[in-house]
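Written below as structure tokens is the structure these notes are about.
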Amino acid sequence: MFNSVNNPFGQKIESAISTGQGKQQHQQEQNKDEEKRYLENDDKDEVQISAQPELSEDDILYLTRNYIEKLKNENETNPKTIEKLDKFLAKFDVKKFMKRNPKLTSSDFYMVMYNEVAGLL
């Protein structure tokens with residue numbers, strides 16, 4: 001609008017508002033570019049908080065038997081629950097369990113077992 005009125009040299013005249021908006025937009029673009037570069041250069045390192053080792057088949061069998069025995073001791077007065085726990089232990093297949101729950105640590109094992117056995121109690 002101002003470029004054609006009283007502008008003998010034909011230079012572009014910007015208002016103060018458009019200059020401020022341009023600087024703000026330019027700054028936002030720089031921030032986006034910096035964030036994009038940061039995300040692209042982000043390290044691919046994985047951090048394990050507890051760094052516990054994965055359980056083997058023998059470990060899972062031992063922990064399962066131990067877990068079921070503790071539950072039996074807690075429910076000594078309820079024979080139906082003890083029967084259900086015995087059936088669960090007899091049908092327990094380590095290979096299927098490990099296929100459904102790969103890379104288990106000991107803390108993961110207890111969470112999974114709680115969910116598996118909760119219906120029996």
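Chain labels follow the order of the structure tokens: the first chain is A, the next B, and so on; residue numbering restarts at 1 in every chain, and ligands are counted from 1 in their shown order.
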
**Study point:** Who sits within 10 Å of range 100-108 of chain A, only C-alpha atoms, same chain under 6 positions skipped, as a list of chain:residue names
**Key:**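 Skipping anything fewer than 6 positions along the chain leaves A:Ser50, A:Ala51, A:Gln52, A:Pro53, A:Glu54, A:Leu55, A:Ser56, A:Asp59, A:Ile60, A:Leu63, A:Val94, A:Tyr114.
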
Practice item. Excluding range 70-73 of chain A and any residue of its chain fewer than 5 positions from it, enumerate the residues within 12 Å of it, using only C-alpha atoms, and give them as a PyMOL selection string. Key: chain A and resi 63-65+78-86+88-89+113-114+117-118+120-121

Selection to disk with N, CA and C atoms, as a PDB file, in the first residue's frame:
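Result written to out_15.pdb:
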```pdb
ATOM      1  N   LEU A  63      11.028 -70.330  39.368  1.00  0.00           N
ATOM      2  CA  LEU A  63      10.229 -69.229  39.916  1.00  0.00           C
ATOM      3  C   LEU A  63       8.736 -69.579  39.933  1.00  0.00           C
ATOM      4  N   THR A  64       8.267 -70.293  38.919  1.00  0.00           N
ATOM      5  CA  THR A  64       6.856 -70.678  38.868  1.00  0.00           C
ATOM      6  C   THR A  64       6.507 -71.622  40.009  1.00  0.00           C
ATOM      7  N   ARG A  65       7.334 -72.639  40.188  1.00  0.00           N
ATOM      8  CA  ARG A  65       7.076 -73.584  41.288  1.00  0.00           C
ATOM      9  C   ARG A  65       7.103 -72.877  42.640  1.00  0.00           C
ATOM     10  N   ASN A  78      -8.244 -73.259  51.982  1.00  0.00           N
ATOM     11  CA  ASN A  78      -9.150 -73.392  50.849  1.00  0.00           C
ATOM     12  C   ASN A  78      -8.667 -74.508  49.911  1.00  0.00           C
ATOM     13  N   PRO A  79      -9.225 -75.734  50.050  1.00  0.00           N
ATOM     14  CA  PRO A  79      -8.742 -76.869  49.236  1.00  0.00           C
ATOM     15  C   PRO A  79      -9.028 -76.723  47.743  1.00  0.00           C
ATOM     16  N   LYS A  80     -10.097 -76.018  47.367  1.00  0.00           N
ATOM     17  CA  LYS A  80     -10.407 -75.838  45.944  1.00  0.00           C
ATOM     18  C   LYS A  80      -9.329 -74.993  45.260  1.00  0.00           C
ATOM     19  N   THR A  81      -8.866 -73.983  45.948  1.00  0.00           N
ATOM     20  CA  THR A  81      -7.817 -73.128  45.391  1.00  0.00           C
ATOM     21  C   THR A  81      -6.524 -73.913  45.229  1.00  0.00           C
ATOM     22  N   ILE A  82      -6.218 -74.762  46.195  1.00  0.00           N
ATOM     23  CA  ILE A  82      -4.999 -75.574  46.109  1.00  0.00           C
ATOM     24  C   ILE A  82      -5.088 -76.539  44.925  1.00  0.00           C
ATOM     25  N   GLU A  83      -6.257 -77.113  44.688  1.00  0.00           N
ATOM     26  CA  GLU A  83      -6.450 -78.002  43.536  1.00  0.00           C
ATOM     27  C   GLU A  83      -6.251 -77.249  42.223  1.00  0.00           C
ATOM     28  N   LYS A  84      -6.817 -76.047  42.143  1.00  0.00           N
ATOM     29  CA  LYS A  84      -6.664 -75.231  40.932  1.00  0.00           C
ATOM     30  C   LYS A  84      -5.199 -74.892  40.689  1.00  0.00           C
ATOM     31  N   LEU A  85      -4.486 -74.558  41.758  1.00  0.00           N
ATOM     32  CA  LEU A  85      -3.070 -74.221  41.617  1.00  0.00           C
ATOM     33  C   LEU A  85      -2.261 -75.438  41.186  1.00  0.00           C
ATOM     34  N   ASP A  86      -2.594 -76.619  41.716  1.00  0.00           N
ATOM     35  CA  ASP A  86      -1.915 -77.846  41.296  1.00  0.00           C
ATOM     36  C   ASP A  86      -2.166 -78.141  39.812  1.00  0.00           C
ATOM     37  N   PHE A  88      -2.893 -75.933  37.525  1.00  0.00           N
ATOM     38  CA  PHE A  88      -2.158 -74.915  36.768  1.00  0.00           C
ATOM     39  C   PHE A  88      -0.696 -75.319  36.629  1.00  0.00           C
ATOM     40  N   LEU A  89      -0.108 -75.768  37.720  1.00  0.00           N
ATOM     41  CA  LEU A  89       1.299 -76.160  37.706  1.00  0.00           C
ATOM     42  C   LEU A  89       1.524 -77.399  36.832  1.00  0.00           C
ATOM     43  N   MET A 113       2.846 -63.522  36.125  1.00  0.00           N
ATOM     44  CA  MET A 113       2.294 -64.624  36.924  1.00  0.00           C
ATOM     45  C   MET A 113       1.107 -64.173  37.754  1.00  0.00           C
ATOM     46  N   TYR A 114       1.170 -62.983  38.281  1.00  0.00           N
ATOM     47  CA  TYR A 114       0.028 -62.450  39.029  1.00  0.00           C
ATOM     48  C   TYR A 114      -1.214 -62.433  38.149  1.00  0.00           C
ATOM     49  N   VAL A 117      -2.511 -66.099  37.391  1.00  0.00           N
ATOM     50  CA  VAL A 117      -3.052 -66.868  38.517  1.00  0.00           C
ATOM     51  C   VAL A 117      -4.202 -66.127  39.223  1.00  0.00           C
ATOM     52  N   ALA A 118      -4.413 -64.883  38.908  1.00  0.00           N
ATOM     53  CA  ALA A 118      -5.430 -64.076  39.604  1.00  0.00           C
ATOM     54  C   ALA A 118      -6.815 -64.719  39.512  1.00  0.00           C
ATOM     55  N   LEU A 120      -7.529 -67.826  39.412  1.00  0.00           N
ATOM     56  CA  LEU A 120      -7.606 -69.059  40.195  1.00  0.00           C
ATOM     57  C   LEU A 120      -7.865 -68.796  41.678  1.00  0.00           C
ATOM     58  N   LEU A 121      -7.503 -67.637  42.117  1.00  0.00           N
ATOM     59  CA  LEU A 121      -7.665 -67.326  43.529  1.00  0.00           C
ATOM     60  C   LEU A 121      -9.033 -66.762  43.758  1.00  0.00           C
TER      61      LEU A 121
END
```

Study note, to complete from the structure: Separating CA of Asp93 in chain A from CA of Tyr62 in chain A, to the nearest tenth of an Å, is a gap of 12.7 Å

Check your understanding: How many Å lie between CA of Glu74 in chain A and CA of Lys95 in chain A, rounded to one decimal?
Key -> 27.7 Å

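The residue that comes closest to Ala90 in chain A, out of A:Phe109, A:Gln27, A:Asn75, A:Leu61 and on the basis of only C-alpha atoms, is A:Leu61.
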